[in-house]
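Participant: The structure that follows is given in the form of structure tokens.
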Amino acid sequence: MPRFSVIVPAHKVQAYLHACLESVLSQSYPDLELIAVDDCSPDGCGAVIDEFAARDPRVHAVHLPENGGLGPARNAGLALATGDYLVFLDGDDTLTPHALRAIADRLKETGEPDVLVYDYARTYWSGDTVRNQAAGQLTEQGPAPFRLEDRPGLLHLLMVAWNKAYRREFVQEHGFSFPPGYYEDTPWTYPTLLAAESIATLDRVCVHYRQRRQGNILSTTSRSHFDVFEQYDRVFAYVAEHPELTRWRPVLFRRMVDHLAKVFTHRERLPRAARAEFLRKARAHYRRYRVPGSPVPLSSRLRHALVRWSLHRTYHTLQSASALNRRTAKRTAKLLRAVRAFALRLHYGIQLRLPLRADRAVFAAHQGRGHGCNPGALEEAFRAHAPHIRTAWIARPEHHHAVPTGTRRLTPDTAAYWTALARSKYLVNNADFDRRMRKRHGQVFVQTHHGTPLKHMGLDLQERPAAAHGLDFEQLLAGVDQWDHVVSANRHSTLTWERVFPGTYTTLEYGSPRNDVFQKATSAEVARLRASLGIPDDTVAILYAPTHRDYRRTQRADLDLERVLRRLGPRFVVLARAHFRPGGPLAQHGGRVVDVTDHPSVESLCLASDALVTDYSSLMFDYAGLDRPIVIHAEDREAYEAARGTYFDLRDFPPGAVARSEDELIDIFATGHWRGSRSTQLRAAFRERFCPYDDGRAAERVVRHVVFGERDLPSVIPLEARHPVPSTAANRAHSPQTTEAQATVPRPAGPPAVADRL
């Protein structure tokens with residue numbers, strides 16, 4: 001029995017059918033059957049289908065004796081389907097590469113739901129591709145699977161059969177089938193979503209919906225568009241047969257009105273002589289299915305007035321007036337933005353001609369996020385070691401609360417912002433400032449970067465277009481030319497930065513300023529941080545911090561964190577932190593998986609945790625300075641290497657135990673390997689190579705060099721003489737009351753997992 005039955009009806013699409021069928025058979029997930037239905041097409045569709053059936057046994061050719069339309073053709077395919085899931089695809093559309101694999105993975109992740117809804121993009125004959133504007137409804141955040149009442153916004157998606165996968169047994173149990181006529185998707189899609197006990201979403205474009213220049217059925221002028229009334233009769237008849245669905249009548253009524261208004265206002269669909277008749281029938285349906293007292297959204301009231309009162313002339317007048325009003329508002333807003341931009345440019349030009357302020361320093365990190373990272377540590381060091389310099393921090397308004405009270409807050413692209421960039425002597429960032437900024441003679445730009453590089457950066461991305469995301473390398477080098485100093489944590493970073501960001505700057509190989517706190521924090525501060533995060537005293541807190549995947553549009557956890565914790569038992573909790581680039585949280589609030597994506601300080605999370613689990617994140621180099629256990633979990637090494645690339649293979653020089661699968665990760669923690677002697681040896685070698693200067697005084701050394709010009713700087717404390725604050729678990733492990741049995745967790749029940757042997 002195949003996993004998927006892909007049903008493709010074909011009628012007068014001979015120019016597109018080859019690409020359609022090929023897109024199915026070339027999928028990287030081959031466990032499928034392709035049921036291609038020749039709907040008595042007068043062109044060569046039947047011959048194309050037979051050619052594919054002759055060369056691939058997965059193709060089943062069906063030839064109907066007479067043309068019945070999409071609905072009956074799909075029903076013919078349904079009768080022959082044997083797959084676990086049904087996937088529909090029109091003969092002029094195509095599946096995107098790897099779509100079925102993504103669908104299969106998501107079905108497995110969400111427990112085999114009745115219906116899986118995925119996304120599509122319109123592909124135009126001009127070559128343009130535009131993704132569905134309602135894609136936000138397909139977010140994978142939140143519980144899954146779910147029922148329609150949990151995510152009613154799914155009803156705002158295009159109500160078609162081909163953007164969903166349906167469990168075949170679910171379809172058979174309910175006896176769903178397609179009716180004849182136009183708009184045959186309507187009485188199929190609404191009932192399937194309403195009846196589904198479990199629904200899931202896949203935030204990925206799986207179908208390219210071809211927008212043909214001519215020949216599209218829904219753009220054909222015909223009285224067949226009157227079929228829409230009978231299709232909605234079928235929808236409401238289904239609801240009437242199932243009283244438990246009565247609560248959905250107001251929603252379905254509003255969707256019907258919107259649909260009828262769209263058909264009527266589409267000038268190419270209805271014959272001119274039939275337009276008045278269509279509006280009369282629409283008015284009758286309005287009265288028949290209206291639910292008294294149900295509110296009508298403000299945005300839909302004009303369409304409701306059109307259908308309810310047959311006011312098509314008034315509707316067109318108001319529609320034209322509304323369109324004119326929107327155009328006027330857009331032009332006014334555009335003019336105001338242009339005036340404001342001109343005023344700010346003029347202001348900045350004036351400020352550039354005024355003297356520099358030697359007692360001013362401006363800081364920023366992560367394109368306007370809150371106070372933190374290396375610039376945050378340097379800002380604190382400026383206030384501590386150069387108190388005569390007044391500091392300012394650039395952050396978007398929603399992040400102002402994270403800026404210390406003694407530091408001035410600047411909002412990007414304001415007059416104060418441009419004044420600070422024009423007249424502050426010291427500029428500190430872990431990225432570049434606004435590309436419109438002109439660095440003046442006498443200004444000092446300190447570039448700190450985000451941490452030690454493992455993945456490819458800078459000019460090395462010229463060979464990695466998927467990771468570069470259209471990066472302008474000329475602009476990148478123009479930014480590099482503004483740097484005066486680059487802060488480096490180790491020799492590896494120095495050699496990498498100077499090669500991938502070539503410039504005339506001076507490298508300050510003094511350590512990572514943001515890691516100073518690891519040497520200064522106390523056990524009392526660690527206890528306070530754990531309490532603020534709700535971490536019980538007797539638990540092991542694992543910080544899970546995966547990096548961004550350039551080859552994925554949706555950033556989701558590679559680990560089933562709830563399953564990991566179920567296997568490990570109640571003594572473990574997970575702090576899940578997503579990468580700062582967009583992608584959403586890795587976990588929901590509540591339970592033993594705590595989402596800390598929005599926590600303002602990753603350093604605080606490191607201090608509060610007992611171990612780090614990551615993949616390719618540079619956080620591992622910082623965490624090593626804490627001398628706490630690190631476990632690497634990376635199941636997608638080949639894909640990551642192909643898309644981004646790394647400067648060395650973590651398997652050859654890991655900071656601790658390496659898990660090649662979720663079960664191996666569980667085994668590493670269950671057996672105690674995560675903090676065993678071999679992991680400790682690996683971490684010691686890793687610290688020696690990548691943390692030679694992280695002794696708690698890196699920021700001070702940078703400030704003394706940059707501000708005071710000192711070269712005789714505080715000497716570096718040797719690794720063996722450093723004593724970073726221990727984790728809570730380490731304190732318990734060394735406590736006289738802790739027995740060996742308490743130091744590790746019993747192996748989880750179930751089949752034994754394979755421990756990583758290093």
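Residues in the structure tokens are numbered from 1 in each chain, the chains being A, B, ... in the order shown, and ligands are numbered from 1 in the order shown.
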Using only C-alpha atoms, determine which residues lie at most 7 Å from Ser601 in chain A, disregarding the query and same-chain residues fewer than 3 positions distant; provide the list as a VMD selection string.
Facilitator: chain A and resid 372 604 to 605
Participant: Go ahead and write the selection's residues with N, CA and C atoms as a PDB file, in the first residue's frame.
Facilitator:
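Once written, part.pdb looks like this:
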ATOM      1  N   GLY A 372      22.729  43.808  24.693  1.00  0.00           N
ATOM      2  CA  GLY A 372      23.299  42.488  24.876  1.00  0.00           C
ATOM      3  C   GLY A 372      24.454  42.220  23.946  1.00  0.00           C
ATOM      4  N   SER A 604      22.581  35.063  30.610  1.00  0.00           N
ATOM      5  CA  SER A 604      21.855  34.659  31.814  1.00  0.00           C
ATOM      6  C   SER A 604      21.304  33.248  31.675  1.00  0.00           C
ATOM      7  N   LEU A 605      20.849  32.907  30.486  1.00  0.00           N
ATOM      8  CA  LEU A 605      20.342  31.553  30.250  1.00  0.00           C
ATOM      9  C   LEU A 605      21.458  30.532  30.377  1.00  0.00           C
TER      10      LEU A 605
END
Participant: Would you list the contacts of Asn67 in chain A as a list in words, taking every protein, DNA or RNA residue within 10 Å and counting only C-alpha atoms, but skipping same-chain residues closer than 2 positions in sequence?
Facilitator: His11, Asp38, Asp39, Cys40, Ser41, Pro42, His63, Leu64, Pro65, Gly69, Leu70, Pro72 and Ala73 of chain A
Participant: Please write the residues from the selection above to a file, keeping N, CA and C atoms, as a PDB file, in the first residue's frame.
Facilitator:
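Now in again.pdb:
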ATOM      1  N   HIS A  11      -7.988  17.615 -18.614  1.00  0.00           N
ATOM      2  CA  HIS A  11      -8.888  17.962 -19.722  1.00  0.00           C
ATOM      3  C   HIS A  11      -8.378  19.244 -20.367  1.00  0.00           C
ATOM      4  N   ASP A  38      -7.939  10.804 -17.617  1.00  0.00           N
ATOM      5  CA  ASP A  38      -8.237  11.501 -18.864  1.00  0.00           C
ATOM      6  C   ASP A  38      -9.744  11.722 -18.923  1.00  0.00           C
ATOM      7  N   ASP A  39     -10.163  12.969 -18.700  1.00  0.00           N
ATOM      8  CA  ASP A  39     -11.587  13.307 -18.644  1.00  0.00           C
ATOM      9  C   ASP A  39     -12.128  13.512 -20.062  1.00  0.00           C
ATOM     10  N   CYS A  40     -11.953  12.481 -20.891  1.00  0.00           N
ATOM     11  CA  CYS A  40     -12.398  12.517 -22.287  1.00  0.00           C
ATOM     12  C   CYS A  40     -11.906  13.791 -22.968  1.00  0.00           C
ATOM     13  N   SER A  41     -10.632  14.058 -22.791  1.00  0.00           N
ATOM     14  CA  SER A  41     -10.059  15.287 -23.341  1.00  0.00           C
ATOM     15  C   SER A  41      -9.894  15.172 -24.854  1.00  0.00           C
ATOM     16  N   PRO A  42     -10.301  16.209 -25.613  1.00  0.00           N
ATOM     17  CA  PRO A  42     -10.196  16.141 -27.075  1.00  0.00           C
ATOM     18  C   PRO A  42      -8.779  16.338 -27.594  1.00  0.00           C
ATOM     19  N   HIS A  63      -9.286   6.366 -18.404  1.00  0.00           N
ATOM     20  CA  HIS A  63      -9.875   7.091 -19.526  1.00  0.00           C
ATOM     21  C   HIS A  63     -11.394   7.069 -19.372  1.00  0.00           C
ATOM     22  N   LEU A  64     -11.999   8.223 -19.170  1.00  0.00           N
ATOM     23  CA  LEU A  64     -13.447   8.305 -19.005  1.00  0.00           C
ATOM     24  C   LEU A  64     -14.120   8.379 -20.371  1.00  0.00           C
ATOM     25  N   PRO A  65     -15.279   7.747 -20.520  1.00  0.00           N
ATOM     26  CA  PRO A  65     -15.955   7.723 -21.825  1.00  0.00           C
ATOM     27  C   PRO A  65     -16.553   9.058 -22.234  1.00  0.00           C
ATOM     28  N   GLY A  69     -16.221  16.762 -16.056  1.00  0.00           N
ATOM     29  CA  GLY A  69     -15.723  17.855 -15.242  1.00  0.00           C
ATOM     30  C   GLY A  69     -14.802  17.357 -14.140  1.00  0.00           C
ATOM     31  N   LEU A  70     -14.234  18.308 -13.405  1.00  0.00           N
ATOM     32  CA  LEU A  70     -13.249  17.974 -12.375  1.00  0.00           C
ATOM     33  C   LEU A  70     -13.803  17.042 -11.303  1.00  0.00           C
ATOM     34  N   PRO A  72     -16.418  14.646 -11.170  1.00  0.00           N
ATOM     35  CA  PRO A  72     -16.492  13.224 -11.526  1.00  0.00           C
ATOM     36  C   PRO A  72     -15.132  12.616 -11.851  1.00  0.00           C
ATOM     37  N   ALA A  73     -14.234  13.385 -12.456  1.00  0.00           N
ATOM     38  CA  ALA A  73     -12.904  12.856 -12.765  1.00  0.00           C
ATOM     39  C   ALA A  73     -12.149  12.524 -11.482  1.00  0.00           C
TER      40      ALA A  73
END
Participant: Which one of A:Ala134, A:Met437, A:Ala545, A:Leu80 sits closest to Leu559 in chain A if you count only C-alpha atoms?
Facilitator: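 Under the stated criterion, the closest residue is A:Ala545.
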Participant: Under the rule that only C-alpha atoms are counted, which of A:Val593, A:Met256, A:Leu459, A:Ala721 is the nearest residue to Arg234 in chain A?
Facilitator: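 Comparing A:Val593, A:Met256, A:Leu459, A:Ala721 against Arg234 in chain A, the winner is A:Met256.
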Participant: Among the residues of range 438-576 of chain A, find those DSSP assigns to alpha helix (DSSP H) from the backbone and print them as an MDAnalysis selection string.
Facilitator: chainID A and resid 465:468 473:480 491:500 516:520 523:532 561:568
Participant: List the neighbours of range 349-366 of chain A out to 8 Å using only C-alpha atoms; skip same-chain residues closer than 2 positions along the sequence, and give me the result as a VMD selection string.
Facilitator: chain A and resid 345 to 347 368 to 373 375 to 376 379 388 to 395 418 to 431 433 440 442 to 443
Participant: Please report the interatomic distance between CA of Leu270 in chain A and CA of Gly181 in chain A in Å with one decimal.
Facilitator: 15.2 Å
Participant: For range 110-120 of chain A, find every residue with an atom within 6 Å (counting only C-alpha atoms), except residues of its own chain fewer than 2 positions away, and show them as a list in words.
Facilitator: Leu107, Lys108, Ala144, Pro145, Asn163, Lys164, Ala165, Tyr166, Arg167, Ala196, Ser198, Ile199, Ala200, Thr201, Leu202, Arg204, Val205, Cys206, Val207 and His208 of chain A
Participant: Excluding Ala730 in chain A and residues on its chain fewer than 5 positions from it, collect all residues at most 12 Å away from it, counting only C-alpha atoms, and give them as a ChimeraX atom specification.
Facilitator: /A:523,538-541,609-611,626-629,675-676,724-725,735,738,743-744
Participant: Give me, please, the distance in Å between CA of Trp483 in chain A and CA of Phe445 in chain A, quoted to one decimal.
Facilitator: 5.1 Å
Participant: Just checking: using only C-alpha atoms, which residue out of A:Ser488, A:Gln27, A:Thr82, A:Ser618 ends up closest to Ile7 in chain A?
Facilitator: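 Using only C-alpha atoms, the shortest distance to Ile7 in chain A belongs to A:Thr82.
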Participant: Which residues in range 525-697 of chain A does DSSP call strand (DSSP E or B)? List them as a list in words.
Facilitator: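 Selection result, strand (DSSP E or B) within range 525-697 of chain A: Val540, Ala541, Ile542, Leu543, Tyr544, Phe572, Val573, Val574, Leu575, Ala576, Val593, Val594, Asp595, Ala611, Leu612, Val613, Thr614, Ile630, Val631, Ile632, His633, Thr646, Ala657, Val658 and Ala659 of chain A.
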Participant: Select, from A:Pro453, A:Pro536, A:Gly511, A:Gly77, the residue with the minimum atom-to-atom distance to Phe178 in chain A, counting only C-alpha atoms.
Facilitator: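 Using only C-alpha atoms, Phe178 in chain A sits closest to A:Gly77.
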Participant: Kindly give the distance, in Å, that separates CA of Ala284 in chain A and CA of Trp188 in chain A, rounded to a single decimal.
Facilitator: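 If I compute the distance from CA of Ala284 in chain A to CA of Trp188 in chain A, I get 22.9 Å.
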Participant: Would you mind listing what lies within 8 Å of Thr504 in chain A as a ChimeraX atom specification, with only C-alpha atoms counted and same-chain residues fewer than 2 positions away left out?
Facilitator: /A:481,483-484,502,506
Participant: What lies within 8 Å of Val517 in chain A using only C-alpha atoms, ignoring chain neighbours under 4 positions off, as a list of chain:residue names?
Facilitator: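 In the requested format, the answer is A:Ala521, A:Glu603, A:Gly696.
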